[in-house]
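Heads up, entry-v7.pdb below (PDB, C-alpha atoms and all ligand atoms):
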MODEL        1
ATOM      1  CA  MET A 312      44.237 127.019  58.013  1.00  0.00           C
ATOM      2  CA  GLY A 313      40.614 128.180  58.288  1.00  0.00           C
ATOM      3  CA  SER A 314      41.447 131.823  58.012  1.00  0.00           C
ATOM      4  CA  GLY A 315      38.135 133.359  59.106  1.00  0.00           C
ATOM      5  CA  GLY A 316      38.608 137.073  58.368  1.00  0.00           C
ATOM      6  CA  GLY A 317      42.360 136.557  58.125  1.00  0.00           C
ATOM      7  CA  PHE A 318      43.301 137.929  61.528  1.00  0.00           C
ATOM      8  CA  ASP A 319      45.525 134.980  62.520  1.00  0.00           C
ATOM      9  CA  CYS A 320      47.334 135.483  59.224  1.00  0.00           C
ATOM     10  CA  PHE A 321      47.865 139.197  59.816  1.00  0.00           C
ATOM     11  CA  LEU A 322      49.518 138.474  63.182  1.00  0.00           C
ATOM     12  CA  ALA A 323      51.718 135.891  61.450  1.00  0.00           C
ATOM     13  CA  ALA A 324      52.495 138.381  58.662  1.00  0.00           C
ATOM     14  CA  LYS A 325      53.896 140.823  61.219  1.00  0.00           C
ATOM     15  CA  LYS A 326      56.107 138.072  62.654  1.00  0.00           C
ATOM     16  CA  VAL A 327      57.569 136.882  59.337  1.00  0.00           C
ATOM     17  CA  GLY A 328      58.175 140.420  58.069  1.00  0.00           C
ATOM     18  CA  SER A 329      58.611 141.553  54.466  1.00  0.00           C
ATOM     19  CA  THR A 330      60.972 138.705  53.537  1.00  0.00           C
ATOM     20  CA  GLY A 331      58.508 136.042  54.685  1.00  0.00           C
ATOM     21  CA  LYS A 332      55.173 134.952  53.300  1.00  0.00           C
ATOM     22  CA  VAL A 333      51.894 133.829  54.862  1.00  0.00           C
ATOM     23  CA  ILE A 334      49.264 131.742  53.078  1.00  0.00           C
ATOM     24  CA  GLY A 335      45.744 131.795  54.532  1.00  0.00           C
ATOM     25  CA  VAL A 336      43.384 128.939  53.604  1.00  0.00           C
ATOM     26  CA  ASP A 337      39.610 128.780  53.983  1.00  0.00           C
ATOM     27  CA  MET A 338      36.986 126.647  52.256  1.00  0.00           C
ATOM     28  CA  THR A 339      34.387 129.392  51.885  1.00  0.00           C
ATOM     29  CA  PRO A 340      34.685 131.979  49.076  1.00  0.00           C
ATOM     30  CA  GLU A 341      33.022 134.538  51.390  1.00  0.00           C
ATOM     31  CA  MET A 342      35.782 134.209  54.009  1.00  0.00           C
ATOM     32  CA  ILE A 343      38.491 134.389  51.371  1.00  0.00           C
ATOM     33  CA  GLU A 344      36.951 137.547  49.935  1.00  0.00           C
ATOM     34  CA  LYS A 345      36.614 139.102  53.401  1.00  0.00           C
ATOM     35  CA  ALA A 346      40.225 138.211  54.268  1.00  0.00           C
ATOM     36  CA  ARG A 347      41.507 139.638  50.970  1.00  0.00           C
ATOM     37  CA  LYS A 348      39.607 142.880  51.610  1.00  0.00           C
ATOM     38  CA  ASN A 349      41.058 143.073  55.137  1.00  0.00           C
ATOM     39  CA  ALA A 350      44.572 142.465  53.756  1.00  0.00           C
ATOM     40  CA  HIS A 351      44.075 145.264  51.230  1.00  0.00           C
ATOM     41  CA  LYS A 352      42.780 147.630  53.932  1.00  0.00           C
ATOM     42  CA  GLY A 353      45.680 146.790  56.257  1.00  0.00           C
ATOM     43  CA  HIS A 354      48.299 147.018  53.471  1.00  0.00           C
ATOM     44  CA  TYR A 355      49.516 143.463  54.087  1.00  0.00           C
ATOM     45  CA  GLU A 356      51.602 142.582  51.055  1.00  0.00           C
ATOM     46  CA  ASN A 357      53.143 139.362  52.373  1.00  0.00           C
ATOM     47  CA  VAL A 358      49.810 137.518  52.830  1.00  0.00           C
ATOM     48  CA  GLU A 359      47.987 135.500  50.206  1.00  0.00           C
ATOM     49  CA  PHE A 360      44.588 133.830  50.672  1.00  0.00           C
ATOM     50  CA  ARG A 361      43.774 130.579  48.886  1.00  0.00           C
ATOM     51  CA  LEU A 362      40.411 128.846  48.625  1.00  0.00           C
ATOM     52  CA  GLY A 363      40.647 125.224  49.726  1.00  0.00           C
ATOM     53  CA  GLU A 364      39.962 122.599  52.352  1.00  0.00           C
ATOM     54  CA  ILE A 365      42.418 121.866  55.117  1.00  0.00           C
ATOM     55  CA  GLU A 366      42.052 118.169  54.244  1.00  0.00           C
ATOM     56  CA  HIS A 367      43.630 119.020  50.849  1.00  0.00           C
ATOM     57  CA  LEU A 368      45.741 122.104  51.449  1.00  0.00           C
ATOM     58  CA  PRO A 369      46.336 124.233  48.360  1.00  0.00           C
ATOM     59  CA  ALA A 370      50.120 124.202  48.836  1.00  0.00           C
ATOM     60  CA  ALA A 371      52.979 122.191  47.337  1.00  0.00           C
ATOM     61  CA  ASP A 372      54.670 119.262  49.092  1.00  0.00           C
ATOM     62  CA  ASN A 373      57.531 120.236  51.462  1.00  0.00           C
ATOM     63  CA  SER A 374      56.971 123.970  50.927  1.00  0.00           C
ATOM     64  CA  VAL A 375      55.868 125.400  54.304  1.00  0.00           C
ATOM     65  CA  ASP A 376      57.946 126.256  57.412  1.00  0.00           C
ATOM     66  CA  LEU A 377      55.062 126.554  59.883  1.00  0.00           C
ATOM     67  CA  VAL A 378      51.379 125.623  59.882  1.00  0.00           C
ATOM     68  CA  ILE A 379      49.104 127.436  62.347  1.00  0.00           C
ATOM     69  CA  SER A 380      45.409 126.972  62.956  1.00  0.00           C
ATOM     70  CA  ASN A 381      42.850 128.123  65.494  1.00  0.00           C
ATOM     71  CA  CYS A 382      39.554 126.315  66.049  1.00  0.00           C
ATOM     72  CA  VAL A 383      39.214 124.688  62.625  1.00  0.00           C
ATOM     73  CA  VAL A 384      40.486 121.086  62.822  1.00  0.00           C
ATOM     74  CA  ASN A 385      37.744 120.289  65.373  1.00  0.00           C
ATOM     75  CA  LEU A 386      35.188 121.106  62.665  1.00  0.00           C
ATOM     76  CA  VAL A 387      36.545 118.452  60.301  1.00  0.00           C
ATOM     77  CA  PRO A 388      35.358 114.832  60.671  1.00  0.00           C
ATOM     78  CA  ASN A 389      38.474 113.336  59.022  1.00  0.00           C
ATOM     79  CA  LYS A 390      41.242 114.687  61.258  1.00  0.00           C
ATOM     80  CA  ALA A 391      43.667 111.994  60.089  1.00  0.00           C
ATOM     81  CA  GLN A 392      43.469 113.393  56.556  1.00  0.00           C
ATOM     82  CA  VAL A 393      44.063 116.941  57.873  1.00  0.00           C
ATOM     83  CA  PHE A 394      47.255 115.919  59.672  1.00  0.00           C
ATOM     84  CA  ARG A 395      48.492 113.808  56.744  1.00  0.00           C
ATOM     85  CA  ASP A 396      48.153 116.893  54.565  1.00  0.00           C
ATOM     86  CA  VAL A 397      49.834 119.118  57.148  1.00  0.00           C
ATOM     87  CA  HIS A 398      52.725 116.627  57.098  1.00  0.00           C
ATOM     88  CA  ARG A 399      52.762 116.691  53.269  1.00  0.00           C
ATOM     89  CA  VAL A 400      53.056 120.491  52.950  1.00  0.00           C
ATOM     90  CA  LEU A 401      55.589 120.997  55.769  1.00  0.00           C
ATOM     91  CA  LYS A 402      59.263 121.160  54.925  1.00  0.00           C
ATOM     92  CA  PRO A 403      61.352 118.542  56.760  1.00  0.00           C
ATOM     93  CA  GLY A 404      61.992 120.131  60.175  1.00  0.00           C
ATOM     94  CA  GLY A 405      58.899 122.342  59.761  1.00  0.00           C
ATOM     95  CA  ARG A 406      56.512 122.938  62.663  1.00  0.00           C
ATOM     96  CA  VAL A 407      52.783 122.942  63.305  1.00  0.00           C
ATOM     97  CA  ILE A 408      51.041 124.803  66.141  1.00  0.00           C
ATOM     98  CA  ILE A 409      47.326 124.303  66.519  1.00  0.00           C
ATOM     99  CA  SER A 410      44.757 125.605  68.932  1.00  0.00           C
ATOM    100  CA  ASP A 411      41.656 123.439  69.158  1.00  0.00           C
ATOM    101  CA  LEU A 412      38.827 122.134  71.312  1.00  0.00           C
ATOM    102  CA  VAL A 413      39.100 118.516  72.453  1.00  0.00           C
ATOM    103  CA  LEU A 414      37.256 116.295  74.919  1.00  0.00           C
ATOM    104  CA  THR A 415      38.500 114.503  78.029  1.00  0.00           C
ATOM    105  CA  ARG A 416      35.596 112.034  77.592  1.00  0.00           C
ATOM    106  CA  GLU A 417      32.697 111.547  75.214  1.00  0.00           C
ATOM    107  CA  LEU A 418      29.774 113.918  75.757  1.00  0.00           C
ATOM    108  CA  PRO A 419      26.230 112.518  76.069  1.00  0.00           C
ATOM    109  CA  GLU A 420      24.178 112.938  72.906  1.00  0.00           C
ATOM    110  CA  ASN A 421      21.846 115.644  74.247  1.00  0.00           C
ATOM    111  CA  ILE A 422      24.817 117.871  75.066  1.00  0.00           C
ATOM    112  CA  ARG A 423      26.840 117.078  71.940  1.00  0.00           C
ATOM    113  CA  GLU A 424      23.869 117.549  69.608  1.00  0.00           C
ATOM    114  CA  SER A 425      22.908 120.945  71.042  1.00  0.00           C
ATOM    115  CA  VAL A 426      22.798 123.795  68.523  1.00  0.00           C
ATOM    116  CA  ALA A 427      25.055 125.746  70.830  1.00  0.00           C
ATOM    117  CA  MET A 428      27.694 123.011  70.669  1.00  0.00           C
ATOM    118  CA  TYR A 429      27.699 123.269  66.876  1.00  0.00           C
ATOM    119  CA  ALA A 430      28.037 127.039  67.122  1.00  0.00           C
ATOM    120  CA  ASN A 431      30.934 126.644  69.560  1.00  0.00           C
ATOM    121  CA  CYS A 432      32.714 124.021  67.448  1.00  0.00           C
ATOM    122  CA  VAL A 433      32.385 121.259  70.040  1.00  0.00           C
ATOM    123  CA  ALA A 434      30.122 118.912  68.070  1.00  0.00           C
ATOM    124  CA  GLY A 435      33.043 117.706  65.934  1.00  0.00           C
ATOM    125  CA  ALA A 436      35.640 117.647  68.724  1.00  0.00           C
ATOM    126  CA  SER A 437      37.421 114.359  69.365  1.00  0.00           C
ATOM    127  CA  LEU A 438      38.954 112.891  72.492  1.00  0.00           C
ATOM    128  CA  LYS A 439      42.261 114.544  73.406  1.00  0.00           C
ATOM    129  CA  ASN A 440      44.270 111.297  73.368  1.00  0.00           C
ATOM    130  CA  GLN A 441      42.830 110.265  69.995  1.00  0.00           C
ATOM    131  CA  TYR A 442      43.588 113.713  68.573  1.00  0.00           C
ATOM    132  CA  LEU A 443      47.238 113.519  69.664  1.00  0.00           C
ATOM    133  CA  GLU A 444      47.516 109.948  68.406  1.00  0.00           C
ATOM    134  CA  VAL A 445      46.161 110.929  64.975  1.00  0.00           C
ATOM    135  CA  MET A 446      48.873 113.611  64.760  1.00  0.00           C
ATOM    136  CA  LYS A 447      51.575 111.032  65.535  1.00  0.00           C
ATOM    137  CA  GLN A 448      50.135 108.524  63.075  1.00  0.00           C
ATOM    138  CA  ALA A 449      50.359 111.182  60.355  1.00  0.00           C
ATOM    139  CA  GLY A 450      54.140 111.146  60.869  1.00  0.00           C
ATOM    140  CA  LEU A 451      54.425 114.226  63.089  1.00  0.00           C
ATOM    141  CA  GLN A 452      56.905 114.023  65.968  1.00  0.00           C
ATOM    142  CA  ASP A 453      57.428 115.740  69.319  1.00  0.00           C
ATOM    143  CA  VAL A 454      53.696 116.193  69.734  1.00  0.00           C
ATOM    144  CA  VAL A 455      53.499 118.392  72.850  1.00  0.00           C
ATOM    145  CA  VAL A 456      50.502 120.064  74.486  1.00  0.00           C
ATOM    146  CA  GLN A 457      51.823 123.548  75.196  1.00  0.00           C
ATOM    147  CA  LYS A 458      48.711 124.916  76.876  1.00  0.00           C
ATOM    148  CA  GLU A 459      45.498 123.452  78.170  1.00  0.00           C
ATOM    149  CA  VAL A 460      42.478 125.321  79.532  1.00  0.00           C
ATOM    150  CA  SER A 461      39.179 123.795  80.636  1.00  0.00           C
ATOM    151  CA  VAL A 462      36.115 125.366  78.997  1.00  0.00           C
ATOM    152  CA  PRO A 463      33.024 124.726  81.168  1.00  0.00           C
ATOM    153  CA  VAL A 464      30.197 122.983  79.297  1.00  0.00           C
ATOM    154  CA  GLU A 465      27.624 125.344  80.862  1.00  0.00           C
ATOM    155  CA  PHE A 466      29.554 128.282  79.379  1.00  0.00           C
ATOM    156  CA  LEU A 467      29.556 126.683  75.914  1.00  0.00           C
ATOM    157  CA  LEU A 468      25.864 125.789  76.077  1.00  0.00           C
ATOM    158  CA  GLY A 469      24.735 129.205  77.254  1.00  0.00           C
ATOM    159  CA  LYS A 470      21.586 129.807  79.334  1.00  0.00           C
ATOM    160  CA  GLU A 471      18.989 129.247  76.604  1.00  0.00           C
ATOM    161  CA  PHE A 472      20.349 125.809  75.666  1.00  0.00           C
ATOM    162  CA  THR A 473      20.772 124.395  79.173  1.00  0.00           C
ATOM    163  CA  LYS A 474      16.973 124.140  79.666  1.00  0.00           C
ATOM    164  CA  GLY A 475      16.496 120.729  78.039  1.00  0.00           C
ATOM    165  CA  VAL A 476      19.595 119.204  79.676  1.00  0.00           C
ATOM    166  CA  PRO A 477      19.412 118.011  83.307  1.00  0.00           C
ATOM    167  CA  ARG A 478      21.487 120.157  85.664  1.00  0.00           C
ATOM    168  CA  GLU A 479      23.303 117.116  87.125  1.00  0.00           C
ATOM    169  CA  LEU A 480      24.410 116.063  83.642  1.00  0.00           C
ATOM    170  CA  ILE A 481      25.849 119.486  82.894  1.00  0.00           C
ATOM    171  CA  GLU A 482      27.703 119.447  86.227  1.00  0.00           C
ATOM    172  CA  GLN A 483      28.962 115.917  85.566  1.00  0.00           C
ATOM    173  CA  TYR A 484      30.431 116.927  82.204  1.00  0.00           C
ATOM    174  CA  SER A 485      31.407 120.455  83.175  1.00  0.00           C
ATOM    175  CA  ASN A 486      35.143 119.834  82.719  1.00  0.00           C
ATOM    176  CA  ALA A 487      34.924 117.566  79.647  1.00  0.00           C
ATOM    177  CA  VAL A 488      35.976 120.202  77.094  1.00  0.00           C
ATOM    178  CA  LEU A 489      39.525 121.508  76.825  1.00  0.00           C
ATOM    179  CA  ASP A 490      40.986 124.286  74.729  1.00  0.00           C
ATOM    180  CA  ILE A 491      44.477 123.028  73.871  1.00  0.00           C
ATOM    181  CA  THR A 492      47.451 124.417  72.026  1.00  0.00           C
ATOM    182  CA  VAL A 493      49.538 121.607  70.590  1.00  0.00           C
ATOM    183  CA  SER A 494      52.796 121.702  68.667  1.00  0.00           C
ATOM    184  CA  ALA A 495      54.683 119.108  66.613  1.00  0.00           C
ATOM    185  CA  ILE A 496      57.383 118.854  63.984  1.00  0.00           C
ATOM    186  CA  LYS A 497      57.858 117.019  60.721  1.00  0.00           C
ATOM    187  CA  PRO A 498      61.059 115.062  61.227  1.00  0.00           C
ATOM    188  CA  ASN A 499      64.062 115.840  59.043  1.00  0.00           C
ATOM    189  CA  SER A 500      64.397 112.273  57.933  1.00  0.00           C
ATOM    190  CA  ILE A 501      62.460 109.049  58.277  1.00  0.00           C
ATOM    191  CA  THR A 502      63.826 107.069  61.232  1.00  0.00           C
TER
HETATM  192  C1  LIG B   1      35.747 129.023  63.965  1.00  0.00           C
HETATM  193  S1  LIG B   1      36.333 129.784  62.481  1.00  0.00           S
HETATM  194  C2  LIG B   1      38.000 130.106  62.940  1.00  0.00           C
HETATM  195  C3  LIG B   1      38.600 131.182  62.122  1.00  0.00           C
HETATM  196  C4  LIG B   1      39.960 131.714  62.544  1.00  0.00           C
HETATM  197  N1  LIG B   1      40.957 130.683  62.586  1.00  0.00           N
HETATM  198  C5  LIG B   1      39.863 132.425  63.872  1.00  0.00           C
HETATM  199  O1  LIG B   1      40.444 131.982  64.842  1.00  0.00           O
HETATM  200  O2  LIG B   1      39.172 133.448  63.925  1.00  0.00           O
HETATM  201  C6  LIG B   1      36.405 128.445  61.372  1.00  0.00           C
HETATM  202  C7  LIG B   1      36.803 128.786  59.938  1.00  0.00           C
HETATM  203  O3  LIG B   1      37.229 127.568  59.326  1.00  0.00           O
HETATM  204  C8  LIG B   1      36.690 127.463  58.030  1.00  0.00           C
HETATM  205  N2  LIG B   1      36.609 126.017  57.749  1.00  0.00           N
HETATM  206  C9  LIG B   1      35.820 125.101  58.336  1.00  0.00           C
HETATM  207  N3  LIG B   1      36.075 123.868  57.858  1.00  0.00           N
HETATM  208  C10 LIG B   1      37.073 124.012  56.946  1.00  0.00           C
HETATM  209  C11 LIG B   1      37.777 123.100  56.098  1.00  0.00           C
HETATM  210  N4  LIG B   1      37.506 121.808  56.106  1.00  0.00           N
HETATM  211  N5  LIG B   1      38.734 123.598  55.279  1.00  0.00           N
HETATM  212  C12 LIG B   1      39.012 124.931  55.274  1.00  0.00           C
HETATM  213  N6  LIG B   1      38.375 125.837  56.047  1.00  0.00           N
HETATM  214  C13 LIG B   1      37.422 125.388  56.877  1.00  0.00           C
HETATM  215  C14 LIG B   1      35.367 128.182  58.088  1.00  0.00           C
HETATM  216  O4  LIG B   1      34.958 128.639  56.819  1.00  0.00           O
HETATM  217  C15 LIG B   1      35.674 129.329  59.072  1.00  0.00           C
HETATM  218  O5  LIG B   1      36.126 130.481  58.403  1.00  0.00           O
ENDMDL
END

Represent the supplied structure as structure tokens.
Amino acid sequence: MGSGGGFDCFLAAKKVGSTGKVIGVDMTPEMIEKARKNAHKGHYENVEFRLGEIEHLPAADNSVDLVISNCVVNLVPNKAQVFRDVHRVLKPGGRVIISDLVLTRELPENIRESVAMYANCVAGASLKNQYLEVMKQAGLQDVVVQKEVSVPVEFLLGKEFTKGVPRELIEQYSNAVLDITVSAIKPNSIT
């Protein structure tokens, strides 16, 4: 989901081999075109790119074994809709593994609204607990954070954007952003 140039999909394509299939989704025609060109150049025949939004995945119900995504869900305001649609397309017993930026606490407006935070995908990030809860409410089970790394706010802001923000505030919120990898499954049957 959110294929960018398709590189996540090419790694997945190597894993699933010639008998498997990977579907890359992105909402911008430019990214889809770029990814298709890259697939052609790299001779990837088991990858297909589809134009669409991750809130309304262009895939049939119960048709996908694994959903992967890196740094896209945090861009979408309606994360509940994203996870409902992930649940819809997964086969019963299918898995989702997502890498995303989340917050340990709300950021003050002058940090959140910084241009740099938009560029680094933090502006749309939600609180970690809310994010995990939204996954569960969508019907996903065994929601487990596999990896968690703190991303310092000063690193995300970069030197040129820290000027307008008081130093103490940056230090106070330094550890408020996490890069997490979270996995879950769609249960085999409704319990
Ligand atoms: C930060 S990039 C990540 C790309 C890729 N996953 C990677 O790790 O390189 C975000 C991508 O998500 C796409 N995107 C953003 N919102 C989307 C949405 N609602 N539905 C589908 N694609 C979306 C953008 O067009 C962009 O290509």

Just say which residues the PyMOL selection byres (((not hetatm)) within 8 of (chain B and resi 1)) picks in this file, as a ChimeraX atom specification. /A:312-319,336-339,342,362-366,380-384,386-387,431-432

Top pick for closest residue to Tyr484 in chain A, considering A:Gly353, A:Pro419, A:Gly450, A:Pro369 and counting only C-alpha atoms: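 Among the listed residues, the smallest separation from Tyr484 in chain A belongs to A:Pro419.
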
_Please determine, counting only C-alpha atoms, which residue among A:Arg423, A:Ala449, A:Arg478, A:Ile409 has the shortest atom-to-atom distance to Asp490 in chain A._
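Smallest separation from Asp490 in chain A among the options: A:Ile409.
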
field: Selection result of the PyMOL selection byres (((chain A and resi 456) around 12) and not hetatm) on this file, as an MDAnalysis selection string
entry: chainID A and resid 407:411 413 439:440 442:443 446 453:455 457:460 489:495

With C-alpha atoms retained, write the just-selected residues as an mmCIF file, in the frame of the given file.
data_model
loop_
_atom_site.group_PDB
_atom_site.id
_atom_site.type_symbol
_atom_site.label_atom_id
_atom_site.label_comp_id
_atom_site.auth_asym_id
_atom_site.auth_seq_id
_atom_site.Cartn_x
_atom_site.Cartn_y
_atom_site.Cartn_z
ATOM 1 C CA VAL A 407 52.783 122.942 63.305
ATOM 2 C CA ILE A 408 51.041 124.803 66.141
ATOM 3 C CA ILE A 409 47.326 124.303 66.519
ATOM 4 C CA SER A 410 44.757 125.605 68.932
ATOM 5 C CA ASP A 411 41.656 123.439 69.158
ATOM 6 C CA VAL A 413 39.100 118.516 72.453
ATOM 7 C CA LYS A 439 42.261 114.544 73.406
ATOM 8 C CA ASN A 440 44.270 111.297 73.368
ATOM 9 C CA TYR A 442 43.588 113.713 68.573
ATOM 10 C CA LEU A 443 47.238 113.519 69.664
ATOM 11 C CA MET A 446 48.873 113.611 64.760
ATOM 12 C CA ASP A 453 57.428 115.740 69.319
ATOM 13 C CA VAL A 454 53.696 116.193 69.734
ATOM 14 C CA VAL A 455 53.499 118.392 72.850
ATOM 15 C CA GLN A 457 51.823 123.548 75.196
ATOM 16 C CA LYS A 458 48.711 124.916 76.876
ATOM 17 C CA GLU A 459 45.498 123.452 78.170
ATOM 18 C CA VAL A 460 42.478 125.321 79.532
ATOM 19 C CA LEU A 489 39.525 121.508 76.825
ATOM 20 C CA ASP A 490 40.986 124.286 74.729
ATOM 21 C CA ILE A 491 44.477 123.028 73.871
ATOM 22 C CA THR A 492 47.451 124.417 72.026
ATOM 23 C CA VAL A 493 49.538 121.607 70.590
ATOM 24 C CA SER A 494 52.796 121.702 68.667
ATOM 25 C CA ALA A 495 54.683 119.108 66.613
#

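The residues caught by the PyMOL selection byres (((chain A and resi 498) around 12) and not hetatm) in this file are A:Asn373, A:His398, A:Arg399, A:Leu401, A:Lys402, A:Pro403, A:Gly404, A:Gly405, A:Arg406, A:Val407, A:Lys447, A:Ala449, A:Gly450, A:Leu451, A:Gln452, A:Asp453, A:Val454, A:Ala495, A:Ile496, A:Lys497, A:Asn499, A:Ser500, A:Ile501, A:Thr502.
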
Option closest in space to Gly328 in chain A, from A:Ala436, A:Leu480, A:Val358, A:Ile379 [counting all atoms listed in the file] |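 Using all atoms listed in the file, the shortest distance to Gly328 in chain A belongs to A:Val358.
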
Put the listed atoms of range 413-421 of chain A in a box along x, y and z with 4 Å added on every side and give me the centre and edge lengths in Å to one decimal, as lines of an AutoDock Vina configuration file.
center_x = 30.5
center_y = 115.0
center_z = 75.2
size_x = 25.3
size_y = 15.0
size_z = 13.6

Using all atoms listed in the file, the best pick from A:Val375, A:Leu438, A:Ile343, A:Val464 as closest to Asp396 in chain A would be A:Val375

Between A:Asn421, A:Asp376, A:His367, A:Phe321, single out the one closest to Asn349 in chain A, counting all atoms listed in the file.
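Using all atoms listed in the file, Asn349 in chain A sits closest to A:Phe321.
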
Just the number, please: distance in Å from CA of Thr415 in chain A to CA of Ala487 in chain A, one decimal.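 Between CA of Thr415 in chain A and CA of Ala487 in chain A the gap works out to 5.0 Å.
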
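CA of Ala346 in chain A is positioned 7.2 Å from CA of Phe360 in chain A.
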
I need every residue sitting at most 12 Å from the point (30.3, 119.5, 78.8) (coordinates as in the file, all atoms listed in the file considered), written as a PyMOL selection string. chain A and resi 412-425+427-428+431+433-434+436+461-469+473+476-489

Restricting the calculation to all atoms listed in the file: of A:Val327, A:Arg361, A:Arg395, A:His354, which residue gets closest to Glu341 in chain A?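 Checking each of A:Val327, A:Arg361, A:Arg395, A:His354 against Glu341 in chain A, counting all atoms listed in the file, the winner is A:Arg361.
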